[in-house]
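Just below is one structure, and these are the notes that go with it.
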Amino acid sequence: MFETLILMLDATMRVSAPLILAALAGLYAERSGIVDIGLEGKILGSAFAAAAGAAVYGSAWIGLGFGVLASVFLAMIHGFACITHRGDHIVSGVAINTIVAGLTVTLSMNWFSMGGQTPTLSGDARFLSVTLPFADALADVPVIGLIYSELLSGHNILVYLAFLMVPATYWAIYKTRFGLRLRAVGENPHAVDTAGISVAFVRYRALIICGILCGIAGAYLSTAHNAGFLKDMSAGKGYMALAALIFGKWRPVPVLFACLLFGFLDALAIRMQGVEIAGIGEVPVQAIEVLPYVLTVLLLAGFIGKAVGPKAIGRPYVKERA
Amino acid sequence: MSQAKVPAWVNLALIPFLNILLAFVVSGLVILAIGEDPIEAASFLIYGAFGYNEGIAYTLYYATNLIFTGLAVSVAFKGGLFNIGGEGQAYIGGLGVGLVCLSLDHTMPLYIIAPLAILGAAAFGAAWAYVPAYLQARRGSHIVITTIMFNFIASSLMVYLIVNWLKEEGRMAANSRTFEESAWLPHLSDILAPLGIDIGYAPLNLAFVLALVCCVLVWALLWHTRWGYQLRTLGTNPTAAKYAGIDTAKVTIWAMLISGGLAGFVGVNEIMGANHSLLLNFTAGYGFAGIAVSLMGRNHPIGIIMAAILFGALYQGGSELAFEIPTITPEIVIVIQGLVILFSGALEHMFKDRIEGFFIRRAVA
Amino acid sequence: MTTDTTPYAIELRDISKRFGAVQANKDICLQVPAGTVHGIIGENGAGKSTLMSIIYGFYEADTGYIEVDGKRIDIHNSQDAINAGIGMVHQHFMLVENFSVLENVILGAEGGALLKEGVETARVELQRLAQEYSLDIDVDAIVEDLPVGLQQRVEILKALYRGARILILDEPTGVLTPQEADHLFRILDALKEQGVTVLLITHKLREILASTDNVSVMRQGQMVAHRETAKTSKEELAELMVGKKVRLTVDKDEATPSDVFLSAKNISQYDKQGVKRLKNINLELRAGEIVGIAGVSGNGQSELLNVLSGIEPMTEGELHVAGQVITAKAPKDAAQMRGLKMAHVPEDRHKMGLVTGFEAYEAAVLGYHNSSDYNGKVLMNRKVMIDECNQRMADWDVRPPNPHLKTANFSGGNQQKIVIAREVEQNPDILLIGQPTRGVDIGAIENIHEQIVKLRDSGKAILLVSVELDEIMALSDRIIVMFDGAVVGELDAKDADERTLGLMMANAFNKEEQENQKGESA
Amino acid sequence: ADPAVVYDQAGKFDKSFNEGVYNGVKKYTAESKIQVREFEPKNEAQVEQGLRRLATRGYSPIVSVGFNMTSAVEKVAKDFPDVKFTIIDGVIDLPNVQSVVFKEHEGSFVVGALAAMASKTDAVGFVGGMDIPLIRRFGCGYEQGAKYVSSSATVLQNMTGSTGAAFNDPTKGSELAKSQFSQGADVVFAAAGGTGIGVYQAAKDEGKFAIGVDSNQNHIQPGTMLTSMVKRVDQAAYNTYKDAEMGTWKSGIVVLGLAEGGVDWALDDNNASLVTAEMKAKVEDIRSKIISGDIKVHDYMSDSTCTY
Ligand SMILES: Nc1ncnc2c1ncn2[C@@H]1O[C@H](COP(=O)(O)OP(=O)(O)OP(=O)(O)O)[C@@H](O)[C@H]1O
Ligand SMILES: Nc1ncnc2c1ncn2[C@@H]1O[C@H](COP(=O)(O)OP(=O)(O)OP(=O)(O)O)[C@@H](O)[C@H]1O
Ligand SMILES: [Mg+2]
Ligand SMILES: [Mg+2]
């Protein structure tokens with residue numbers, strides 16, 4: 001039983017890593033006042049760029065670089081629309097998601113002629129799992145050994161990076177000058193502007209960080225968790241990340257737990273397949289699949305506590321009415 | 001101030017035109033980037049969409065779905081609600097149609113089934129919009145997120161229902177049995193053939209007429225009824241709506257019910273008109289495309305019809321194009337759609353400010 | 001005045017600024033000697049805030065330039081202004097509400113990439129400033145928990161912390177009681193002694209006369225006059241502002257109140273956060289009288305209007321109107337209240353009274369859109385609506401008289417006329433009217449005041465909310481003062497004077513009596 | 001008339017089922033120098049439209065790949081009685097349609113037996129694609145084979161999903177495989193189209209064995225691919241074109257099993273080192289017993305159960 005739990009938690013880590021990265025990405029954007037439902041598109045775009053880069057250059061790191069570049073580029077489009085041209089954040093996000101969904105397939109068909117996939121990556125073109133020191137040696141120690149060698153060890157570097165980003169984000173948001181300005185700009189951009197700080201610049205920087213994190217999330221999907229790009233492979237992760245962000249009330253640590261919860265439900269869904277539960281019988285897989293979505297709706301309905309976002313979120317910053 | 005001095009045609013024609021133009025130019029660049037000739041591609045596309053009767057009929061068939069979802073988005077939008085849930089509402093609307101057809105096709109004639117199926121589509125689509133609407137109206141949940149969630153939930157629910165309950169015994173593919181012909185919405189080919197118009201096998205059907213009727217009804221509803229007045233007040237100034245004694249929660253909920261019902265009509269076209277069986281994923285992104293249609297159509301039924309035909313043409317011409325030039329995939333249509341949303345939605349101020357500024361300066365000077 | 005050899009602390013040269021079609025500032029020149037307090041007055045919309053925001057770098061001027069201490073400087077953004085020693089306290093505070101005072105002060109002047117060091121130095125510096133200018137404040141308090149007076153203090157501290165030598169205050173006393181305002185002016189005096197130059201915008205001519213050295217007048221985007229304060233008068237300034245002689249009083253006869261049209265019993269209201277916004281309000285409104293509600297804005301006046309008009313439900317209490325009893329359990333919405341012949345001119349016409357995207361004829365039926373006058377069986381009757389709108393525009397002299405013009409494109413005063421006409425023409429028994437002349441020029445003010453008095457004389461009951469004490473005193477027959485959501489005093493208009501009202505508005509009047517009341521209720 | 005092919009939505013490069021057909025197409029083109037018109041629909045609606053377009057333009061024979069196309073082919077074939085259609089994995093009773101089906105249970109039995117022989121844990125796994133009778137037929141045959149070799153063997157079975165997407169979801173495939181490994185399985189057979197890629201990857205990453213499907217997939221992860229259950233869809237496509245060219249194309253149902261060479265297991269350089277001579281001999285023995293009828297493999301689709 002304990003072992004099963006550990007293995008499920010292990011799967012939870014794998015599955016929630018991209019969620020964590022994307023949710024933190026969203027945290028930077030939304031704390032700065034930019035609604036970002038384009039997380040999905042950025043993940044997908046990066047997944048494609050990373051896989052393509054890795055396939056062509058045979059290096060996962062180069063792939064990651066391409067992924068991040070693609071994602072930052074998309075974030076800049078979002079910024080151009082929402083910051084520079086005061087566009088509607090949601091419309092811009094929907095546009096980016098739509099464009100990327102079509103463009104990734106179009107380009108990969110054209111570049112690789114593999115039905116919208118990229119070639120299967122292997123060797124250096126993929127991020128492989130890292131065995132932590134002494135993992136094998138400790139494997140037989142009861143409890144701790146299992147936790148260390150099975151749960152903590154044996155993930156790829158991007159998973160560790162994802163988890164590391166949580167304290168890093170906490171620090172950046174609450175302990176640095178940039179963080180103070182970021183939070184302020186999401187609450188009251190006028191205050192920031194009159195304090196002599198460029199609202200647009202803060203927001204653009206927030207979006208760049210958002211792009212970088214989404215880029216890593218996408219690269220993780222195609223070059224670490226999987227071995228290549230597939231059409232629509234982000235499969236709603238961007239939206240789930242957004243839900244986790246709201247769930248975690250725009251704060252890094254609660255966001256982490258929300259992502260872990262969603263990841264766990266995912267792992268659970270796989271485990272629960274075909275399992276009979278006493279008294280209920282076989283639970284349809286779909287019922288478990290929809291759990292995160294239903295949970296999110298319940299949360300939004302205020303049953304789990306009101307989630308109040310940054311005050312200025314979603315509103316274009318307008319100084320002069322033309 | 002600004003609108004007063006800017007001629008109407010600038011906002012209604014010039015700016016939308018420039019936005020689309022830009023979307024097409026960028027799409028052309030994408031086609032160029034994958035090594036094909038954008039001009040040649042455009043000519044295949046236009047020929048495929050408008051070059052022959054069957055092509056036109058296919059275009060209108062796709063446009064039918066887009067009119068429904070475009071109207072759905074715009075009714076909600078007029079009330080200040082961004083309904084991204086058209087996809088799920090259409091999907092569940094199709095369930096309503098499917099259930100009516102499956103349960104009545106053996107016993108009832110078309111003229112009974114058709115109205116019931118239309119009602120079923122509206123009722124199911126509306127029901128699916130109801131929960132997000134209720135949560136928005138009464139508990140302040142953000143409708144964008146809830147409708148997205150409901151799209152996912154709809155998709156899982158439909159898989160569960162079709163696979164476990166509605167799938168025909170022994171059939172591999174996940175769809176219901178084919179309906180009896182009494183539950184087939186007549187194709188326009190049957191109606192047009194006696195007039196000497198041959199539209200081939202295009203599944204253009206009476207749902208197209210329903211779509212046009214919906215346009216008229218929505219137009220009257222929004223601009224000529226009390227309810228429309230209330231909806232528009234709510235959409236432009238919610239505080240004023242409360243001041244005016246408008247029950248904003250009720251208007252919000254009704255707006256979403258109507259929106260969901262309209263989206264549900266996609267099911268009439270697809271399930272009863274084209275496929276004659278209930279199947280997975282028949283919505284194929286029409287719900288999302290409706291956003292582009294409604295943005296481009298400026299949330300007005302006339303605009304929506306034109307935008308829907310444009311997008312229908314992209315679907316039809318795009319599939320023709322993909323057939324003729326296999327390196328260009330039908331996904332290019334999705335790219336164009338996204339670009340239209342970007343340029344005429346998110347970047348609407350890019351041209352607008354400059355052009356209006358130009359006209360204002362001219363007027364002031 | 002300073003001689004030509006000493007440069008001015010700040011000098012503006014031909015500043016112009018246009019927002020779309022609105023010329024907010026036109027060829028403005030201004031010279032402010034160092035170490036003086038310089039007043040700027042002008043009607044609403046005259047362009048005062050715009051001008052100050054240009055000095056502070058919030059807007060960039062279309063043409064013209066600025067000199068500080070005799071040197072021409074380019075101000076493209078607020079940082080440039082701050083570097084030039086300019087600080088500004090905005091008309092609408094620029095504070096991050098859920099930040100602490102300290103965080104607000106250091107924002108933009110953090111003193112390093114990490115917050116830690118900056119916070120410590122700021123703490124020390126703030127202590128010094130607080131002592132020097134008696135600006136005491138708990139630096140760890142969250143701003144939204146502070147009363148407006150203290151929030152303003154945070155704004156001043158922000159400017160001083162950045163070493164401002166030129167301090168701009170845009171209508172700083174609008175939210176203060178007369179007593180709080182006095183404190184502010186003492187602070188300004190202290191600053192002036194330290195050599196700080198102050199630019200003060202206010203609508204209150206009394207304040208100008210009391211505390212400035214020079215005063216400049218703006219009208220319709222232009223600087224129309226400069227005066228030495230010692231050599232001018234209230235009357236002259238008022239005339240300069242409006243461009244014509246102004247009657248500062250309203251003619252009206254003694255009121256003859258009769259039947260009670262509206263009575264509120266113990267009304268309380270909690271907002272969404274659970275904060276009690278209205279506290280046990282009792283009031284009566286009789287036919288043929290105007291009851292004025294005085295108070296610093298934000299003390300429950302808006303909530304009271306909203307509750308009485310049915311926009312927001314009350315949480316406790318009873319309301320008797322037209323023989324009906326309205327309670328929290330049996331609420332009536334705004335439409336139902338209209339049905340009881342109650343009309344409401346809201347405080348904020350843009351936010352509430354109008355739908356700026358609608359054409360005028362549509363906006364002219366807002367709230368009455370369900371009336372059978374405007375509706376057929378299914379569809380609305382546009383022709384009726386347009387004809388009626390045409391008629392009213394003629395009667396009320398709305399310019400331009402075009403029912404198809406978008407509401408947004410009328411000027412403030414004309415928008416206000418559309419709203420007031422709509423409500424008054426319904427011939428209500430009760431009229432709730434909030435800030436009737438906010439943003440309206442003097443000519444229109446006279447007209448609106450006349451209409452209100454006329455309505456009273458025809459036996460209607462009127463509840464007037466205004467932050468302009470002058471307006472309250474001029475129009476009301478009876479004055480009720482609100483503080484912190486409660487009614488803290490009531491007096492006959494004849495007995496009212498500015499000092500008494502001011503003390504009441506700060507809840508400083510009859511403290512002892514208050515204590516007694518608290519003792520009883522406990 | 002020119003020949004054509006319509007792949008299913010997984011696309012012709014799924015490294016599995018569609019790619020098998022594509023190999024047959026390539027072989028035919030290479031031999032006959034006749035180009036085959038290819039079409040890859042993107043959604044349900046385009047299948048029928050694409051078939052019609054091909055038929056209207058006179059292409060024949062038209063090979064349609066996958067059970068998903070059954071209803072579309074049926075409709076179009078009715079409207080174009082002169083065009084020859086071949087459907088793979090589906091059955092349509094029309095005079096101008098040839099239906100090619102395979103005895104997947106036989107091939108699966110063989111690889112199931114091999115899996116049980118290779119397993120050290122006496123537990124093997126099966127990852128199916130979409131949960132349909134056809135895929136259950138694979139699973140059932142596999143289970144019988146494993147149990148034939150070791151009656152105590154545990155056979156874990158999972159399906160990826162209930163929609164067409166289940167054939168193209170490597171992420172889930174990989175998670176399912178990992179889940180089975182953690183439950184003790186050390187050989188996993190994926191009958192899941194593109195989803196299999198994730199399964200093979202997971203096996204590679206964890207040092208376990210995987211078994212491919214449809215095409216010979218041994219080359220995908222050499223060293224950990226125990227074998228592949230090949231289903232000669234390439235042959236089916238090739239034969240259709242060849243027969244049509246020769247005029248010997250016939251409508252009706254063609255059933256291909258072990259005996260006909262329609263299904264088999266794959267042994268090549270990539271997995272030679274994994275299969276000992278002993279294992280090979282035993283597998284060959286089982287294979288011939290099935291062909292001779294000594295071993296009767298239960299077909300799930302005959303009664304929708306896996307009782308044998
Ligand atoms: N950001 C803006 N965009 C467009 N127009 C503006 C903007 N700010 C001010 N205006 C317009 O410029 C004019 C001057 O406004 P401003 O706020 O400077 O007036 P003010 O003298 O400060 O008035 P008040 O006494 O009401 O504060 C007004 O007509 C106003 O509508
Ligand atoms: N929010 C707004 N949106 C668009 N235009 C506006 C807005 N506010 C003001 N305007 C425009 O700015 C112009 C000046 O408005 P403002 O309210 O300052 O007028 P005003 O000069 O004070 O006139 P009045 O004497 O009638 O009050 C108006 O003509 C109006 O069209
Ligand atoms: Mg001002
Ligand atoms: Mg004005």
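By convention here, the chains of the structure tokens are called A, B, ... in the order presented, each chain's residues are numbered starting at 1, and ligands are numbered starting at 1 in the order presented.
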
(request) Excluding segment 218-235 of chain A and any residue of its chain fewer than 4 positions from it, enumerate the residues within 8 Å of it, using only C-alpha atoms, and give them as a PyMOL selection string. (result) (chain A and resi 14+18+40+42-52+54+60+63-64+67-68+101+104-105+116-122+125-128+156+158+214) or (chain D and resi 170-171+174+198+201)

(request) From segment 39-270 of chain C, collect each residue whose DSSP state is strand (DSSP E or B) and return the set as an MDAnalysis selection string. (result) chainID C and resid 39:42 63:68 71:73 86:89 100 114 142 166:170 197:201 214:219 222:228 260:270

(message) Show me which residues are within 7 Å of ligand 1 counting only C-alpha atoms and all ligand atoms, and format the list as number ranges by chain.
(response) A: 319-322; C: 19-20, 22-24, 42-51, 221, 439

(request) Could you list the residues in chain A lying within 12 Å of chain C, using only C-alpha atoms, and format the result as a PyMOL selection string? (result) chain A and resi 171-199+202+306+308-312+318-322

Please provide the set of residues having any atom within 10 Å of Tyr238 of chain D, restricted to only C-alpha atoms, with same-chain residues fewer than 5 positions apart removed, written as a short mmCIF file (atom, residue, chain, number, x, y, z; two decimals) with all heavy atoms, in the first residue's frame.
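Dumped to part-v6.cif:
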data_model
loop_
_atom_site.label_atom_id
_atom_site.label_comp_id
_atom_site.auth_asym_id
_atom_site.auth_seq_id
_atom_site.Cartn_x
_atom_site.Cartn_y
_atom_site.Cartn_z
N VAL D 21 0.25 0.69 -43.79
CA VAL D 21 -0.43 0.86 -45.07
C VAL D 21 0.44 1.68 -46.00
O VAL D 21 0.60 1.36 -47.19
CB VAL D 21 -1.79 1.56 -44.87
CG1 VAL D 21 -2.44 1.86 -46.21
CG2 VAL D 21 -2.71 0.69 -44.02
N TYR D 22 1.03 2.72 -45.44
CA TYR D 22 1.88 3.59 -46.24
C TYR D 22 3.04 2.79 -46.85
O TYR D 22 3.40 2.99 -48.01
CB TYR D 22 2.41 4.73 -45.36
CG TYR D 22 3.45 5.59 -46.01
CD1 TYR D 22 3.14 6.32 -47.17
CD2 TYR D 22 4.73 5.69 -45.49
CE1 TYR D 22 4.08 7.13 -47.77
CE2 TYR D 22 5.69 6.49 -46.09
CZ TYR D 22 5.36 7.20 -47.23
OH TYR D 22 6.31 7.99 -47.84
N ASN D 23 3.59 1.85 -46.08
CA ASN D 23 4.66 1.02 -46.62
C ASN D 23 4.18 0.20 -47.81
O ASN D 23 4.90 0.03 -48.80
CB ASN D 23 5.22 0.10 -45.53
CG ASN D 23 6.02 0.90 -44.50
OD1 ASN D 23 6.55 1.97 -44.83
ND2 ASN D 23 6.06 0.40 -43.27
N GLY D 24 2.96 -0.31 -47.70
CA GLY D 24 2.39 -1.06 -48.82
C GLY D 24 2.23 -0.17 -50.04
O GLY D 24 2.53 -0.55 -51.18
N VAL D 25 1.79 1.07 -49.80
CA VAL D 25 1.61 2.02 -50.88
C VAL D 25 2.94 2.30 -51.56
O VAL D 25 3.06 2.30 -52.79
CB VAL D 25 0.99 3.34 -50.33
CG1 VAL D 25 1.06 4.44 -51.36
CG2 VAL D 25 -0.44 3.10 -49.88
N LYS D 26 3.96 2.51 -50.72
CA LYS D 26 5.29 2.82 -51.25
C LYS D 26 5.81 1.68 -52.12
O LYS D 26 6.35 1.88 -53.20
CB LYS D 26 6.26 3.03 -50.08
CG LYS D 26 6.53 4.48 -49.80
CD LYS D 26 7.75 4.71 -48.91
CE LYS D 26 8.07 3.61 -47.93
NZ LYS D 26 8.81 4.09 -46.75
N LYS D 27 5.59 0.46 -51.58
CA LYS D 27 6.10 -0.70 -52.30
C LYS D 27 5.44 -0.80 -53.67
O LYS D 27 6.09 -1.01 -54.69
CB LYS D 27 5.80 -1.95 -51.46
CG LYS D 27 6.29 -3.24 -52.08
CD LYS D 27 6.11 -4.40 -51.10
CE LYS D 27 6.22 -5.72 -51.85
NZ LYS D 27 5.41 -6.77 -51.22
N TYR D 28 4.11 -0.57 -53.67
CA TYR D 28 3.38 -0.67 -54.93
C TYR D 28 3.87 0.38 -55.92
O TYR D 28 4.11 0.10 -57.09
CB TYR D 28 1.88 -0.52 -54.67
CG TYR D 28 1.07 -0.49 -55.94
CD1 TYR D 28 0.90 -1.66 -56.69
CD2 TYR D 28 0.50 0.69 -56.41
CE1 TYR D 28 0.17 -1.63 -57.87
CE2 TYR D 28 -0.22 0.73 -57.59
CZ TYR D 28 -0.37 -0.44 -58.32
OH TYR D 28 -1.08 -0.42 -59.48
N THR D 29 4.03 1.60 -55.42
CA THR D 29 4.48 2.68 -56.30
C THR D 29 5.87 2.39 -56.85
O THR D 29 6.15 2.61 -58.03
CB THR D 29 4.48 4.02 -55.53
OG1 THR D 29 3.18 4.24 -55.02
CG2 THR D 29 4.87 5.17 -56.45
N VAL D 63 -8.38 2.70 -51.00
CA VAL D 63 -8.18 1.95 -49.76
C VAL D 63 -8.47 2.88 -48.57
O VAL D 63 -7.94 3.99 -48.51
CB VAL D 63 -6.73 1.43 -49.66
CG1 VAL D 63 -6.49 0.76 -48.30
CG2 VAL D 63 -6.46 0.45 -50.80
N ARG D 232 -0.25 -7.41 -41.34
CA ARG D 232 0.27 -7.04 -42.64
C ARG D 232 -0.71 -6.16 -43.40
O ARG D 232 -1.15 -6.48 -44.50
CB ARG D 232 0.63 -8.29 -43.45
CG ARG D 232 1.66 -9.18 -42.78
CD ARG D 232 2.99 -8.45 -42.58
NE ARG D 232 3.56 -7.97 -43.83
CZ ARG D 232 4.37 -8.70 -44.59
NH1 ARG D 232 4.72 -9.91 -44.25
NH2 ARG D 232 4.87 -8.19 -45.71
N VAL D 233 -0.99 -5.02 -42.85
CA VAL D 233 -1.85 -4.08 -43.55
C VAL D 233 -1.17 -3.61 -44.83
O VAL D 233 -1.82 -3.26 -45.81
CB VAL D 233 -2.24 -2.89 -42.65
CG1 VAL D 233 -3.30 -3.28 -41.66
CG2 VAL D 233 -1.03 -2.30 -41.96
N ASP D 243 -4.10 -6.38 -57.35
CA ASP D 243 -5.24 -7.14 -57.88
C ASP D 243 -6.06 -6.29 -58.82
O ASP D 243 -6.50 -6.75 -59.88
CB ASP D 243 -6.14 -7.61 -56.73
CG ASP D 243 -5.46 -8.70 -55.90
OD1 ASP D 243 -4.40 -9.19 -56.35
OD2 ASP D 243 -5.96 -9.02 -54.82
N ALA D 244 -6.24 -5.03 -58.42
CA ALA D 244 -7.04 -4.15 -59.27
C ALA D 244 -6.34 -3.96 -60.61
O ALA D 244 -6.97 -3.97 -61.67
CB ALA D 244 -7.25 -2.81 -58.58
#

(request) Give me the residues within 10 Å of Glu362 of chain C as a list in words, counting only C-alpha atoms and dropping any in the same chain fewer than 3 places off. (result) Tyr229 and Thr233 of chain B; Leu354, Val355, Gly357, Phe358, Glu359, Val365, Leu366, His369, Arg382, Met385, Ile386, Cys389, Pro403, His404, Lys406 and Thr407 of chain C

Keeping only N, CA and C atoms, write the selected residues as an mmCIF file, in the first residue's frame.
data_model
loop_
_atom_site.group_PDB
_atom_site.id
_atom_site.type_symbol
_atom_site.label_atom_id
_atom_site.label_comp_id
_atom_site.auth_asym_id
_atom_site.auth_seq_id
_atom_site.Cartn_x
_atom_site.Cartn_y
_atom_site.Cartn_z
ATOM 1 N N TYR B 229 -32.774 45.725 -24.618
ATOM 2 C CA TYR B 229 -32.353 46.995 -24.028
ATOM 3 C C TYR B 229 -31.640 46.732 -22.698
ATOM 4 N N THR B 233 -27.731 47.340 -21.848
ATOM 5 C CA THR B 233 -27.363 48.193 -20.715
ATOM 6 C C THR B 233 -26.389 47.450 -19.813
ATOM 7 N N LEU C 354 -26.053 56.957 -16.846
ATOM 8 C CA LEU C 354 -26.146 56.907 -18.294
ATOM 9 C C LEU C 354 -25.465 55.654 -18.809
ATOM 10 N N VAL C 355 -25.840 55.287 -20.002
ATOM 11 C CA VAL C 355 -25.064 54.278 -20.693
ATOM 12 C C VAL C 355 -24.396 55.038 -21.822
ATOM 13 N N GLY C 357 -22.592 54.461 -24.156
ATOM 14 C CA GLY C 357 -22.579 53.919 -25.505
ATOM 15 C C GLY C 357 -23.941 54.034 -26.201
ATOM 16 N N PHE C 358 -24.963 54.376 -25.456
ATOM 17 C CA PHE C 358 -26.298 54.474 -26.050
ATOM 18 C C PHE C 358 -26.505 55.825 -26.718
ATOM 19 N N GLU C 359 -27.405 55.834 -27.674
ATOM 20 C CA GLU C 359 -27.811 57.121 -28.220
ATOM 21 C C GLU C 359 -28.675 57.816 -27.174
ATOM 22 N N VAL C 365 -34.474 56.899 -21.472
ATOM 23 C CA VAL C 365 -35.544 56.108 -20.871
ATOM 24 C C VAL C 365 -34.980 55.103 -19.873
ATOM 25 N N LEU C 366 -33.694 55.217 -19.585
ATOM 26 C CA LEU C 366 -33.060 54.262 -18.682
ATOM 27 C C LEU C 366 -33.801 54.224 -17.350
ATOM 28 N N HIS C 369 -37.560 51.980 -19.030
ATOM 29 C CA HIS C 369 -37.655 51.280 -20.305
ATOM 30 C C HIS C 369 -38.772 50.257 -20.325
ATOM 31 N N ARG C 382 -39.793 52.831 -30.806
ATOM 32 C CA ARG C 382 -38.726 53.803 -30.961
ATOM 33 C C ARG C 382 -39.239 55.202 -31.249
ATOM 34 N N MET C 385 -40.129 57.105 -28.268
ATOM 35 C CA MET C 385 -38.951 57.461 -27.490
ATOM 36 C C MET C 385 -38.230 58.649 -28.108
ATOM 37 N N ILE C 386 -38.083 58.619 -29.413
ATOM 38 C CA ILE C 386 -37.328 59.685 -30.078
ATOM 39 C C ILE C 386 -38.087 61.008 -30.009
ATOM 40 N N CYS C 389 -37.790 62.448 -26.624
ATOM 41 C CA CYS C 389 -36.439 62.937 -26.374
ATOM 42 C C CYS C 389 -36.247 64.302 -27.021
ATOM 43 N N PRO C 403 -31.217 63.572 -30.640
ATOM 44 C CA PRO C 403 -31.505 62.332 -29.890
ATOM 45 C C PRO C 403 -30.635 61.158 -30.328
ATOM 46 N N HIS C 404 -30.001 61.270 -31.498
ATOM 47 C CA HIS C 404 -29.229 60.132 -31.994
ATOM 48 C C HIS C 404 -27.749 60.234 -31.682
ATOM 49 N N LYS C 406 -24.472 59.874 -29.566
ATOM 50 C CA LYS C 406 -24.072 59.008 -28.455
ATOM 51 C C LYS C 406 -23.955 59.827 -27.186
ATOM 52 N N THR C 407 -24.447 59.280 -26.097
ATOM 53 C CA THR C 407 -24.452 60.008 -24.833
ATOM 54 C C THR C 407 -23.054 60.481 -24.442
#
